[in-house]
$ cat upload.txt   # compact mmCIF, C-alpha atoms
# COMPACT_ATOMS: atom_id res chain seq x y z
CA VAL A 1 -0.17 3.20 12.31
CA PHE A 2 -2.53 1.73 9.71
CA TYR A 3 -1.05 -1.14 7.66
CA LEU A 4 -2.49 -1.84 4.18
CA PRO A 5 -1.46 -5.32 2.90
CA LEU A 6 -0.26 -6.66 -0.42
CA LEU A 7 -2.64 -7.70 -3.19
CA ASN A 8 -4.48 -10.96 -2.42
CA ARG A 9 -2.61 -11.30 0.87
CA THR A 10 -3.98 -11.57 4.38
CA LYS A 11 -3.42 -8.86 6.99
CA ASN A 12 -1.40 -11.37 9.01
CA GLY A 13 2.30 -11.71 8.28
CA PHE A 14 5.76 -10.61 9.36
CA ARG A 15 5.19 -7.00 8.24
CA SER A 16 2.07 -6.49 10.32
CA ALA A 17 3.58 -8.46 13.22
CA ASN A 18 6.70 -6.28 13.16
CA LEU A 19 4.67 -3.09 13.05
CA PHE A 20 2.33 -4.28 15.79
CA ASN A 21 5.25 -5.09 18.09
CA MET A 22 6.96 -1.80 17.31
CA CYS A 23 3.85 0.17 18.19
CA ARG A 24 3.13 -1.88 21.28
CA GLN A 25 6.66 -1.57 22.60
CA SER A 26 6.69 2.18 22.07
CA GLY A 27 3.60 2.60 24.25
CA ARG A 28 2.80 5.73 22.22
CA GLN A 29 1.20 4.50 18.99
CA ALA A 30 -1.72 2.26 18.20
CA PHE A 31 -1.75 -0.21 15.31
CA MET A 32 -4.54 -1.12 12.88
CA THR A 33 -4.76 -3.45 9.93
CA ALA A 34 -7.51 -5.25 8.05
CA ASP A 35 -8.15 -7.80 5.34
CA TYR A 36 -9.40 -6.30 2.10
CA PHE A 37 -12.92 -7.02 0.93
CA GLY A 38 -12.92 -10.46 -0.70
CA VAL A 39 -9.58 -11.51 0.82
CA ALA A 40 -8.93 -14.10 3.55
CA ARG A 41 -11.65 -14.02 6.23
CA SER A 42 -13.14 -10.78 5.03
CA GLN A 43 -16.66 -10.72 3.63
CA GLY A 44 -17.41 -10.67 -0.06
CA ASP A 45 -16.08 -12.27 -3.22
CA PHE A 46 -12.73 -11.24 -4.65
CA ASP A 47 -14.33 -11.12 -8.10
CA ASP A 48 -16.30 -8.10 -6.83
CA ALA A 49 -13.30 -6.40 -5.24
CA THR A 50 -11.97 -3.14 -6.65
CA LEU A 51 -9.39 -0.58 -5.69
CA SER A 52 -12.25 1.88 -5.14
CA ARG A 53 -13.94 -0.48 -2.68
CA TRP A 54 -10.70 -1.12 -0.77
CA LEU A 55 -9.94 2.59 -0.67
CA ARG A 56 -13.41 3.50 0.58
CA ASP A 57 -13.26 0.78 3.24
CA SER A 58 -9.79 1.86 4.37
CA ILE A 59 -10.92 5.45 4.85
CA ASN A 60 -14.01 4.35 6.77
CA ILE A 61 -11.96 2.08 9.04
CA ALA A 62 -9.48 4.86 9.80
CA LYS A 63 -12.23 7.35 10.55
CA SER A 64 -14.17 4.98 12.80
CA MET A 65 -11.37 3.14 14.61
CA SER A 66 -8.33 5.39 14.91
CA PRO A 67 -7.84 6.72 18.46
CA THR A 68 -5.97 9.73 17.05
CA GLU A 69 -7.05 12.44 14.63
CA LYS A 70 -4.49 11.38 12.06
CA VAL A 71 -2.90 8.12 10.93
CA VAL A 72 0.41 7.08 9.44
CA LEU A 73 -0.33 4.80 6.48
CA VAL A 74 2.05 1.91 5.76
CA GLY A 75 1.23 0.19 2.48
CA ALA A 76 2.89 -2.86 0.93
CA GLY A 77 2.55 -3.49 -2.80
CA VAL A 78 -0.94 -2.45 -3.86
CA GLY A 79 -1.36 -1.16 -0.29
CA GLY A 80 1.17 1.54 -1.14
CA TRP A 81 -0.93 2.60 -4.11
CA LEU A 82 -3.97 2.72 -1.84
CA ALA A 83 -2.07 4.72 0.78
CA LEU A 84 -1.12 7.40 -1.74
CA ARG A 85 -4.68 7.77 -2.99
CA PHE A 86 -5.95 7.74 0.61
CA ALA A 87 -3.60 10.59 1.50
CA GLU A 88 -4.68 12.53 -1.57
CA LEU A 89 -8.39 12.19 -0.85
CA GLU A 90 -8.20 12.65 2.93
CA PRO A 91 -5.27 15.00 3.58
CA GLU A 92 -6.53 16.04 7.02
CA LEU A 93 -6.66 12.40 8.14
CA VAL A 94 -3.15 11.35 7.10
CA HIS A 95 0.02 12.42 8.88
CA GLY A 96 2.45 10.41 6.77
CA VAL A 97 2.78 7.64 4.17
CA VAL A 98 5.27 4.78 3.95
CA THR A 99 5.15 2.64 0.80
CA MET A 100 6.96 -0.70 0.46
CA GLY A 101 7.48 -2.27 -2.94
CA SER A 102 4.64 -0.16 -4.23
CA GLY A 103 3.61 -0.40 -7.87
CA PRO A 104 1.04 2.30 -8.64
CA ASP A 105 -0.69 1.75 -11.99
CA PHE A 106 0.67 -1.81 -12.16
CA THR A 107 -2.43 -2.86 -14.08
CA GLU A 108 -1.46 -0.53 -16.94
CA GLU A 109 2.29 -0.14 -16.42
CA LEU A 110 3.31 -3.75 -15.80
CA LEU A 111 0.50 -6.25 -16.33
CA PHE A 112 -0.53 -5.74 -19.95
CA PRO A 113 2.88 -4.69 -21.34
CA THR A 114 4.39 -7.88 -19.89
CA LEU A 115 1.62 -10.39 -20.58
CA GLY A 116 0.56 -8.97 -23.95
CA ASP A 117 -2.62 -8.29 -25.88
CA ALA A 118 -3.68 -11.93 -25.95
CA PHE A 119 -3.86 -11.97 -22.16
CA LYS A 120 -5.77 -8.68 -22.13
CA GLU A 121 -8.35 -10.00 -24.58
CA ASP A 122 -8.68 -13.25 -22.63
CA LEU A 123 -9.13 -11.39 -19.35
CA LEU A 124 -11.82 -9.13 -20.76
CA GLU A 125 -13.63 -12.11 -22.28
CA LYS A 126 -13.53 -14.40 -19.23
CA GLY A 127 -13.62 -11.73 -16.54
CA ALA A 128 -10.78 -13.22 -14.47
CA ALA A 129 -7.45 -14.98 -14.82
CA ASP A 130 -4.81 -16.56 -12.61
CA ILE A 131 -1.33 -15.35 -13.46
CA GLU A 132 2.20 -16.17 -12.36
CA TRP A 133 4.00 -13.00 -11.36
CA GLY A 134 7.42 -13.15 -9.80
CA GLN A 135 7.34 -16.18 -7.54
CA ARG A 136 3.62 -16.08 -6.81
CA GLU A 137 0.26 -16.66 -8.38
CA TYR A 138 -2.35 -13.93 -8.40
CA LYS A 139 -5.94 -13.75 -9.46
CA ILE A 140 -6.68 -10.70 -11.59
CA THR A 141 -10.17 -9.64 -12.60
CA SER A 142 -11.29 -7.36 -15.40
CA ASN A 143 -13.46 -5.61 -12.82
CA PHE A 144 -10.37 -4.70 -10.78
CA VAL A 145 -8.38 -3.63 -13.85
CA GLU A 146 -11.13 -1.38 -15.21
CA ASP A 147 -11.76 0.27 -11.85
CA ALA A 148 -8.03 0.86 -11.31
CA LYS A 149 -8.08 3.30 -14.22
CA ASN A 150 -9.82 5.73 -11.85
CA HIS A 151 -6.77 5.77 -9.57
CA LEU A 152 -3.81 6.07 -11.91
CA ILE A 153 -0.84 8.13 -10.76
CA PHE A 154 1.76 7.76 -13.50
CA GLY A 155 -1.02 7.98 -16.07
CA ARG A 156 -1.93 11.55 -15.09
CA LYS A 157 -0.94 14.82 -16.65
CA VAL A 158 1.96 16.46 -14.86
CA ASP A 159 2.38 20.11 -13.95
CA GLU A 160 5.19 22.39 -15.11
CA ASN A 161 7.48 20.82 -12.50
CA GLY A 162 6.73 17.26 -13.58
CA ARG A 163 4.51 16.56 -10.57
CA ALA A 164 1.26 14.59 -10.81
CA LEU A 165 0.33 13.84 -7.19
CA LYS A 166 0.09 16.61 -4.61
CA LEU A 167 0.11 15.52 -0.97
CA LYS A 168 0.21 17.47 2.29
CA CYS A 169 2.14 14.86 4.30
CA PRO A 170 5.67 13.39 4.23
CA VAL A 171 6.15 10.33 2.02
CA HIS A 172 8.71 7.57 2.60
CA ILE A 173 9.29 5.17 -0.31
CA LEU A 174 10.99 1.85 0.44
CA HIS A 175 11.87 -0.65 -2.29
CA CYS A 176 14.14 -3.69 -2.59
CA MET A 177 16.44 -3.76 -5.58
CA ASP A 178 15.87 -7.49 -6.11
CA ASP A 179 12.09 -7.08 -6.32
CA ASP A 180 11.01 -9.42 -9.12
CA GLU A 181 7.42 -8.13 -9.26
CA VAL A 182 7.79 -4.35 -9.33
CA PRO A 183 11.07 -2.87 -10.64
CA TYR A 184 12.86 -0.77 -8.03
CA LYS A 185 13.14 2.09 -10.53
CA THR A 186 9.41 2.53 -9.93
CA ALA A 187 10.33 4.01 -6.56
CA LEU A 188 12.48 6.67 -8.24
CA ARG A 189 9.76 7.49 -10.76
CA LEU A 190 7.24 7.75 -7.95
CA ALA A 191 9.42 10.21 -6.04
CA GLU A 192 9.66 12.36 -9.15
CA VAL A 193 5.90 12.76 -9.60
CA ILE A 194 4.99 13.41 -5.95
CA ASP A 195 4.72 16.97 -4.68
CA ALA A 196 4.89 16.73 -0.88
CA PRO A 197 6.58 18.50 2.05
CA LYS A 198 9.11 15.64 2.23
CA VAL A 199 9.79 12.70 -0.09
CA ASP A 200 12.42 10.14 0.92
CA VAL A 201 13.47 7.09 -1.10
CA ARG A 202 15.23 4.13 0.50
CA LEU A 203 16.57 1.32 -1.69
CA VAL A 204 17.55 -1.97 -0.04
CA LYS A 205 19.64 -4.57 -1.84
CA ARG A 206 17.82 -7.71 -0.72
CA GLY A 207 14.31 -8.62 0.38
CA GLY A 208 12.28 -9.09 -2.79
CA HIS A 209 8.78 -7.77 -3.28
CA THR A 210 7.74 -8.73 0.24
CA ILE A 211 10.85 -7.13 1.83
CA ASP A 212 11.49 -10.48 3.49
CA SER A 213 15.05 -10.06 4.76
CA ASP A 214 16.66 -8.82 7.95
CA MET A 215 17.86 -5.77 6.04
CA GLY A 216 14.41 -5.16 4.60
CA ARG A 217 12.60 -5.57 7.91
CA GLN A 218 14.97 -3.16 9.64
CA ALA A 219 14.57 -0.66 6.81
CA MET A 220 10.79 -0.92 7.17
CA ARG A 221 10.98 -0.17 10.87
CA ASN A 222 13.36 2.72 10.26
CA GLU A 223 11.09 4.34 7.68
CA VAL A 224 7.99 3.95 9.85
CA GLU A 225 9.82 5.34 12.87
CA SER A 226 10.96 8.27 10.77
CA ALA A 227 7.38 8.94 9.69
CA LEU A 228 6.20 8.67 13.29
CA SER A 229 8.85 11.13 14.45
CA TYR A 230 6.78 13.87 12.85
CA PHE A 231 3.63 12.64 14.53
CA SER A 232 2.41 14.75 17.46
CA GLY A 233 -0.65 12.61 18.18
CA GLN A 234 -0.27 10.10 21.03
CA VAL A 235 -2.49 7.45 22.52
CA ASP A 236 -2.69 6.14 26.04
CA ALA A 237 -0.77 3.01 27.05
CA TRP A 238 -3.90 0.82 27.14
CA THR A 239 -4.79 1.70 23.55
CA ALA A 240 -1.25 1.03 22.35
CA ARG A 241 -1.37 -2.43 23.95
CA HIS A 242 -4.78 -3.25 22.50
CA SER A 243 -4.28 -2.30 18.87
CA ALA A 244 -6.78 -3.50 16.32
CA ALA A 245 -6.61 -6.15 13.62
CA VAL A 246 -9.94 -6.25 11.84
CA SER A 247 -11.69 -7.49 8.72
CA TRP A 248 -14.34 -5.78 6.64
$ encode --input "upload.txt" --output "structure tokens"
Amino acid sequence: VFYLPLLNRTKNGFRSANLFNMCRQSGRQAFMTADYFGVARSQGDFDDATLSRWLRDSINIAKSMSPTEKVVLVGAGVGGWLALRFAELEPELVHGVVTMGSGPDFTEELLFPTLGDAFKEDLLEKGAADIEWGQREYKITSNFVEDAKNHLIFGRKVDENGRALKLKCPVHILHCMDDDEVPYKTALRLAEVIDAPKVDVRLVKRGGHTIDSDMGRQAMRNEVESALSYFSGQVDAWTARHSAAVSW
């Protein structure tokens, strides 16, 4: 299990702790997570961070550290966007994807339509801006926004069946209906544009963007366990007990 965190958030938190304990208790799966470049204790400056850099680093970490041939990606927020692109680029490396409160294309779909042209012009002029979004503050850079255009999902052309993203693995989409950062209808739209062997959507009433509720945490565990049920790869008990939490 490879956990990809929220935007601007450390790898440490109740989501990673829950997943780590679940994997450790099972004795069958290992757990990995990492801080993104420019976040928390990781190297680099956030002003230089891009989705492309985080995606490249995530793939390299999985290839170099996973004790199994394939991983199950669990992405929260922007981590869900990364997980989908990861699975698209490295289909032989990914066994399944679980997204939580994911907002693919949020830079184009949510940010500018909500904050307006004045914000867009200011961001491009200054290169960075701190914004209030939902109940949190985020730093957004023009560098990140421009690079994100290379990874759009909703912004693609669709095929005759309305699909834009073709994946070879099952996809589980989890979203809380009281998410005040990414509308839960995004989960339904995402399911519509994904062409995969299995696409499940789970909507939870409470938990917000971080899925911080008993109901949300249990739903997260259920979706990950469901994804793992398809997973034939196993690790030895020592590896499961000594899962990795790294920074790049």
$ residues_near_point --input "upload.txt" --point "(12.0, -0.2, -7.2)" --cutoff "12 Å" --atoms "only C-alpha atoms" --output "ChimeraX atom specification"
/A:77,99-104,173-191,201-209,211
$ write_last_selection --input "upload.txt" --atoms "C-alpha atoms" --output "PDB file, keeping the file's coordinate frame"
ATOM      1  CA  GLY A  77       2.550  -3.490  -2.800  1.00  0.00           C
ATOM      2  CA  THR A  99       5.150   2.640   0.800  1.00  0.00           C
ATOM      3  CA  MET A 100       6.960  -0.700   0.460  1.00  0.00           C
ATOM      4  CA  GLY A 101       7.480  -2.270  -2.940  1.00  0.00           C
ATOM      5  CA  SER A 102       4.640  -0.160  -4.230  1.00  0.00           C
ATOM      6  CA  GLY A 103       3.610  -0.400  -7.870  1.00  0.00           C
ATOM      7  CA  PRO A 104       1.040   2.300  -8.640  1.00  0.00           C
ATOM      8  CA  ILE A 173       9.290   5.170  -0.310  1.00  0.00           C
ATOM      9  CA  LEU A 174      10.990   1.850   0.440  1.00  0.00           C
ATOM     10  CA  HIS A 175      11.870  -0.650  -2.290  1.00  0.00           C
ATOM     11  CA  CYS A 176      14.140  -3.690  -2.590  1.00  0.00           C
ATOM     12  CA  MET A 177      16.440  -3.760  -5.580  1.00  0.00           C
ATOM     13  CA  ASP A 178      15.870  -7.490  -6.110  1.00  0.00           C
ATOM     14  CA  ASP A 179      12.090  -7.080  -6.320  1.00  0.00           C
ATOM     15  CA  ASP A 180      11.010  -9.420  -9.120  1.00  0.00           C
ATOM     16  CA  GLU A 181       7.420  -8.130  -9.260  1.00  0.00           C
ATOM     17  CA  VAL A 182       7.790  -4.350  -9.330  1.00  0.00           C
ATOM     18  CA  PRO A 183      11.070  -2.870 -10.640  1.00  0.00           C
ATOM     19  CA  TYR A 184      12.860  -0.770  -8.030  1.00  0.00           C
ATOM     20  CA  LYS A 185      13.140   2.090 -10.530  1.00  0.00           C
ATOM     21  CA  THR A 186       9.410   2.530  -9.930  1.00  0.00           C
ATOM     22  CA  ALA A 187      10.330   4.010  -6.560  1.00  0.00           C
ATOM     23  CA  LEU A 188      12.480   6.670  -8.240  1.00  0.00           C
ATOM     24  CA  ARG A 189       9.760   7.490 -10.760  1.00  0.00           C
ATOM     25  CA  LEU A 190       7.240   7.750  -7.950  1.00  0.00           C
ATOM     26  CA  ALA A 191       9.420  10.210  -6.040  1.00  0.00           C
ATOM     27  CA  VAL A 201      13.470   7.090  -1.100  1.00  0.00           C
ATOM     28  CA  ARG A 202      15.230   4.130   0.500  1.00  0.00           C
ATOM     29  CA  LEU A 203      16.570   1.320  -1.690  1.00  0.00           C
ATOM     30  CA  VAL A 204      17.550  -1.970  -0.040  1.00  0.00           C
ATOM     31  CA  LYS A 205      19.640  -4.570  -1.840  1.00  0.00           C
ATOM     32  CA  ARG A 206      17.820  -7.710  -0.720  1.00  0.00           C
ATOM     33  CA  GLY A 207      14.310  -8.620   0.380  1.00  0.00           C
ATOM     34  CA  GLY A 208      12.280  -9.090  -2.790  1.00  0.00           C
ATOM     35  CA  HIS A 209       8.780  -7.770  -3.280  1.00  0.00           C
ATOM     36  CA  ILE A 211      10.850  -7.130   1.830  1.00  0.00           C
TER      37      ILE A 211
END
$ residues_around --input "upload.txt" --residues "Lys166 in chain A" --least-positions-apart "6" --cutoff "10 Å" --atoms "only C-alpha atoms" --output "list of chain:residue names"
A:Leu84, A:Ala87, A:Glu88, A:Pro91, A:Val193, A:Ile194, A:Asp195, A:Ala196, A:Pro197
$ write_last_selection --input "upload.txt" --atoms "C-alpha atoms" --output "short mmCIF file (atom, residue, chain, number, x, y, z; two decimals), in the frame of the given file"
data_model
loop_
_atom_site.label_atom_id
_atom_site.label_comp_id
_atom_site.auth_asym_id
_atom_site.auth_seq_id
_atom_site.Cartn_x
_atom_site.Cartn_y
_atom_site.Cartn_z
CA LEU A 84 -1.12 7.40 -1.74
CA ALA A 87 -3.60 10.59 1.50
CA GLU A 88 -4.68 12.53 -1.57
CA PRO A 91 -5.27 15.00 3.58
CA VAL A 193 5.90 12.76 -9.60
CA ILE A 194 4.99 13.41 -5.95
CA ASP A 195 4.72 16.97 -4.68
CA ALA A 196 4.89 16.73 -0.88
CA PRO A 197 6.58 18.50 2.05
#
$ closest_residue --input "upload.txt" --among "A:Cys23, A:Leu4, A:Ala49, A:Leu111" --to "Ala76 in chain A" --atoms "all atoms listed in the file"
A:Leu4
$ atom_distance --input "upload.txt" --atom1 "CA of Val145 in chain A" --atom2 "CA of Thr107 in chain A"
6.0 Å
$ closest_residue --input "upload.txt" --among "A:Val71, A:Glu146, A:Phe112, A:Leu165" --to "Arg85 in chain A" --atoms "all atoms listed in the file"
A:Leu165
$ closest_residue --input "upload.txt" --among "A:Phe2, A:Phe106, A:Phe119, A:Phe37" --to "Lys63 in chain A" --atoms "all atoms listed in the file"
A:Phe2
$ atom_distance --input "upload.txt" --atom1 "CA of Asp200 in chain A" --atom2 "CA of Glu225 in chain A"
13.1 Å
$ residues_near_point --input "upload.txt" --point "(-3.3, -15.4, 5.3)" --cutoff "10 Å" --atoms "only C-alpha atoms" --output "list in words"
Asn8, Arg9, Thr10, Lys11, Asn12, Gly13, Asp35, Val39, Ala40 and Arg41 of chain A
$ residues_around --input "upload.txt" --residues "Arg53 in chain A" --least-positions-apart "5" --cutoff "10 Å" --atoms "all atoms listed in the file" --output "number ranges by chain"
A: 36-37, 48, 58, 144, 147
$ write_last_selection --input "upload.txt" --atoms "C-alpha atoms" --output "PDB file, keeping the file's coordinate frame"
ATOM      1  CA  TYR A  36      -9.400  -6.300   2.100  1.00  0.00           C
ATOM      2  CA  PHE A  37     -12.920  -7.020   0.930  1.00  0.00           C
ATOM      3  CA  ASP A  48     -16.300  -8.100  -6.830  1.00  0.00           C
ATOM      4  CA  SER A  58      -9.790   1.860   4.370  1.00  0.00           C
ATOM      5  CA  PHE A 144     -10.370  -4.700 -10.780  1.00  0.00           C
ATOM      6  CA  ASP A 147     -11.760   0.270 -11.850  1.00  0.00           C
TER       7      ASP A 147
END
$ residues_around --input "upload.txt" --residues "Ala128 in chain A" --least-positions-apart "2" --cutoff "9 Å" --atoms "all atoms listed in the file" --output "list in words"
Asp47, Asp122, Leu123, Leu124, Glu125, Lys126, Asp130, Lys139, Ile140, Thr141, Ser142 and Asn143 of chain A
$ closest_residue --input "upload.txt" --among "A:Phe154, A:Glu108, A:Lys70, A:Asp214" --to "Lys120 in chain A" --atoms "only C-alpha atoms"
A:Glu108
$ atom_distance --input "upload.txt" --atom1 "CA of Leu7 in chain A" --atom2 "CA of Gly80 in chain A"
10.2 Å
$ axis_aligned_box --input "upload.txt" --around "range 7-20 of chain A" --padding-each-side "4 Å" --output "AutoDock Vina command-line options"
--center_x 1.1 --center_y -7.4 --center_z 6.3 --size_x 19.2 --size_y 16.6 --size_z 27.0
$ residues_around --input "upload.txt" --residues "Asn21 in chain A" --least-positions-apart "2" --cutoff "12 Å" --atoms "all atoms listed in the file" --output "PyMOL selection string"
chain A and resi 1+14-19+23-32+221+240-243
$ decode --input "upload.txt" --residues "range 178-199 of chain A" --atoms "N, CA, C and O atoms" --output "PDB file, in the first residue's frame"
ATOM      1  N   ASP A 178     -19.975  16.198   2.597  1.00  0.00           N
ATOM      2  CA  ASP A 178     -19.834  17.527   3.201  1.00  0.00           C
ATOM      3  C   ASP A 178     -18.447  18.121   2.936  1.00  0.00           C
ATOM      4  O   ASP A 178     -18.016  19.038   3.640  1.00  0.00           O
ATOM      5  N   ASP A 179     -17.772  17.615   1.927  1.00  0.00           N
ATOM      6  CA  ASP A 179     -16.462  18.150   1.540  1.00  0.00           C
ATOM      7  C   ASP A 179     -16.637  19.597   1.077  1.00  0.00           C
ATOM      8  O   ASP A 179     -17.354  19.873   0.111  1.00  0.00           O
ATOM      9  N   ASP A 180     -15.972  20.531   1.769  1.00  0.00           N
ATOM     10  CA  ASP A 180     -16.116  21.944   1.427  1.00  0.00           C
ATOM     11  C   ASP A 180     -14.966  22.453   0.554  1.00  0.00           C
ATOM     12  O   ASP A 180     -14.852  23.662   0.314  1.00  0.00           O
ATOM     13  N   GLU A 181     -14.129  21.536   0.075  1.00  0.00           N
ATOM     14  CA  GLU A 181     -13.026  21.926  -0.805  1.00  0.00           C
ATOM     15  C   GLU A 181     -13.198  21.384  -2.222  1.00  0.00           C
ATOM     16  O   GLU A 181     -12.904  22.070  -3.200  1.00  0.00           O
ATOM     17  N   VAL A 182     -13.659  20.150  -2.320  1.00  0.00           N
ATOM     18  CA  VAL A 182     -13.918  19.534  -3.616  1.00  0.00           C
ATOM     19  C   VAL A 182     -15.334  18.965  -3.589  1.00  0.00           C
ATOM     20  O   VAL A 182     -15.620  18.071  -2.795  1.00  0.00           O
ATOM     21  N   PRO A 183     -16.236  19.449  -4.431  1.00  0.00           N
ATOM     22  CA  PRO A 183     -17.623  18.965  -4.412  1.00  0.00           C
ATOM     23  C   PRO A 183     -17.691  17.451  -4.624  1.00  0.00           C
ATOM     24  O   PRO A 183     -16.953  16.901  -5.446  1.00  0.00           O
ATOM     25  N   TYR A 184     -18.583  16.792  -3.887  1.00  0.00           N
ATOM     26  CA  TYR A 184     -18.658  15.336  -3.992  1.00  0.00           C
ATOM     27  C   TYR A 184     -19.103  14.869  -5.383  1.00  0.00           C
ATOM     28  O   TYR A 184     -18.821  13.734  -5.785  1.00  0.00           O
ATOM     29  N   LYS A 185     -19.770  15.746  -6.131  1.00  0.00           N
ATOM     30  CA  LYS A 185     -20.185  15.369  -7.483  1.00  0.00           C
ATOM     31  C   LYS A 185     -18.981  15.135  -8.395  1.00  0.00           C
ATOM     32  O   LYS A 185     -19.106  14.509  -9.460  1.00  0.00           O
ATOM     33  N   THR A 186     -17.820  15.628  -7.950  1.00  0.00           N
ATOM     34  CA  THR A 186     -16.585  15.367  -8.698  1.00  0.00           C
ATOM     35  C   THR A 186     -16.320  13.864  -8.765  1.00  0.00           C
ATOM     36  O   THR A 186     -15.826  13.358  -9.772  1.00  0.00           O
ATOM     37  N   ALA A 187     -16.650  13.157  -7.694  1.00  0.00           N
ATOM     38  CA  ALA A 187     -16.458  11.708  -7.662  1.00  0.00           C
ATOM     39  C   ALA A 187     -17.292  11.023  -8.739  1.00  0.00           C
ATOM     40  O   ALA A 187     -16.839  10.079  -9.402  1.00  0.00           O
ATOM     41  N   LEU A 188     -18.524  11.488  -8.928  1.00  0.00           N
ATOM     42  CA  LEU A 188     -19.410  10.904  -9.933  1.00  0.00           C
ATOM     43  C   LEU A 188     -18.912  11.213 -11.341  1.00  0.00           C
ATOM     44  O   LEU A 188     -18.946  10.354 -12.227  1.00  0.00           O
ATOM     45  N   ARG A 189     -18.452  12.432 -11.538  1.00  0.00           N
ATOM     46  CA  ARG A 189     -17.889  12.804 -12.845  1.00  0.00           C
ATOM     47  C   ARG A 189     -16.646  11.980 -13.148  1.00  0.00           C
ATOM     48  O   ARG A 189     -16.446  11.542 -14.292  1.00  0.00           O
ATOM     49  N   LEU A 190     -15.834  11.768 -12.122  1.00  0.00           N
ATOM     50  CA  LEU A 190     -14.608  11.008 -12.302  1.00  0.00           C
ATOM     51  C   LEU A 190     -14.924   9.574 -12.724  1.00  0.00           C
ATOM     52  O   LEU A 190     -14.290   9.016 -13.617  1.00  0.00           O
ATOM     53  N   ALA A 191     -15.911   8.971 -12.076  1.00  0.00           N
ATOM     54  CA  ALA A 191     -16.299   7.608 -12.422  1.00  0.00           C
ATOM     55  C   ALA A 191     -16.760   7.513 -13.872  1.00  0.00           C
ATOM     56  O   ALA A 191     -16.521   6.499 -14.553  1.00  0.00           O
ATOM     57  N   GLU A 192     -17.390   8.559 -14.352  1.00  0.00           N
ATOM     58  CA  GLU A 192     -17.911   8.549 -15.716  1.00  0.00           C
ATOM     59  C   GLU A 192     -16.812   8.571 -16.773  1.00  0.00           C
ATOM     60  O   GLU A 192     -16.971   8.001 -17.854  1.00  0.00           O
ATOM     61  N   VAL A 193     -15.684   9.218 -16.473  1.00  0.00           N
ATOM     62  CA  VAL A 193     -14.643   9.367 -17.496  1.00  0.00           C
ATOM     63  C   VAL A 193     -13.556   8.297 -17.416  1.00  0.00           C
ATOM     64  O   VAL A 193     -12.660   8.260 -18.249  1.00  0.00           O
ATOM     65  N   ILE A 194     -13.624   7.419 -16.407  1.00  0.00           N
ATOM     66  CA  ILE A 194     -12.610   6.373 -16.263  1.00  0.00           C
ATOM     67  C   ILE A 194     -13.070   5.090 -16.945  1.00  0.00           C
ATOM     68  O   ILE A 194     -14.191   4.621 -16.727  1.00  0.00           O
ATOM     69  N   ASP A 195     -12.197   4.539 -17.753  1.00  0.00           N
ATOM     70  CA  ASP A 195     -12.409   3.240 -18.376  1.00  0.00           C
ATOM     71  C   ASP A 195     -11.463   2.260 -17.685  1.00  0.00           C
ATOM     72  O   ASP A 195     -10.254   2.303 -17.893  1.00  0.00           O
ATOM     73  N   ALA A 196     -12.005   1.420 -16.811  1.00  0.00           N
ATOM     74  CA  ALA A 196     -11.200   0.490 -16.025  1.00  0.00           C
ATOM     75  C   ALA A 196     -11.974  -0.803 -15.815  1.00  0.00           C
ATOM     76  O   ALA A 196     -13.203  -0.836 -15.992  1.00  0.00           O
ATOM     77  N   PRO A 197     -11.286  -1.885 -15.436  1.00  0.00           N
ATOM     78  CA  PRO A 197     -11.984  -3.158 -15.206  1.00  0.00           C
ATOM     79  C   PRO A 197     -13.076  -3.061 -14.142  1.00  0.00           C
ATOM     80  O   PRO A 197     -14.059  -3.789 -14.191  1.00  0.00           O
ATOM     81  N   LYS A 198     -12.888  -2.153 -13.184  1.00  0.00           N
ATOM     82  CA  LYS A 198     -13.857  -1.985 -12.096  1.00  0.00           C
ATOM     83  C   LYS A 198     -13.749  -0.556 -11.583  1.00  0.00           C
ATOM     84  O   LYS A 198     -12.656  -0.079 -11.305  1.00  0.00           O
ATOM     85  N   VAL A 199     -14.863   0.124 -11.467  1.00  0.00           N
ATOM     86  CA  VAL A 199     -14.895   1.477 -10.911  1.00  0.00           C
ATOM     87  C   VAL A 199     -16.014   1.532  -9.875  1.00  0.00           C
ATOM     88  O   VAL A 199     -17.190   1.381 -10.225  1.00  0.00           O
TER      89      VAL A 199
END
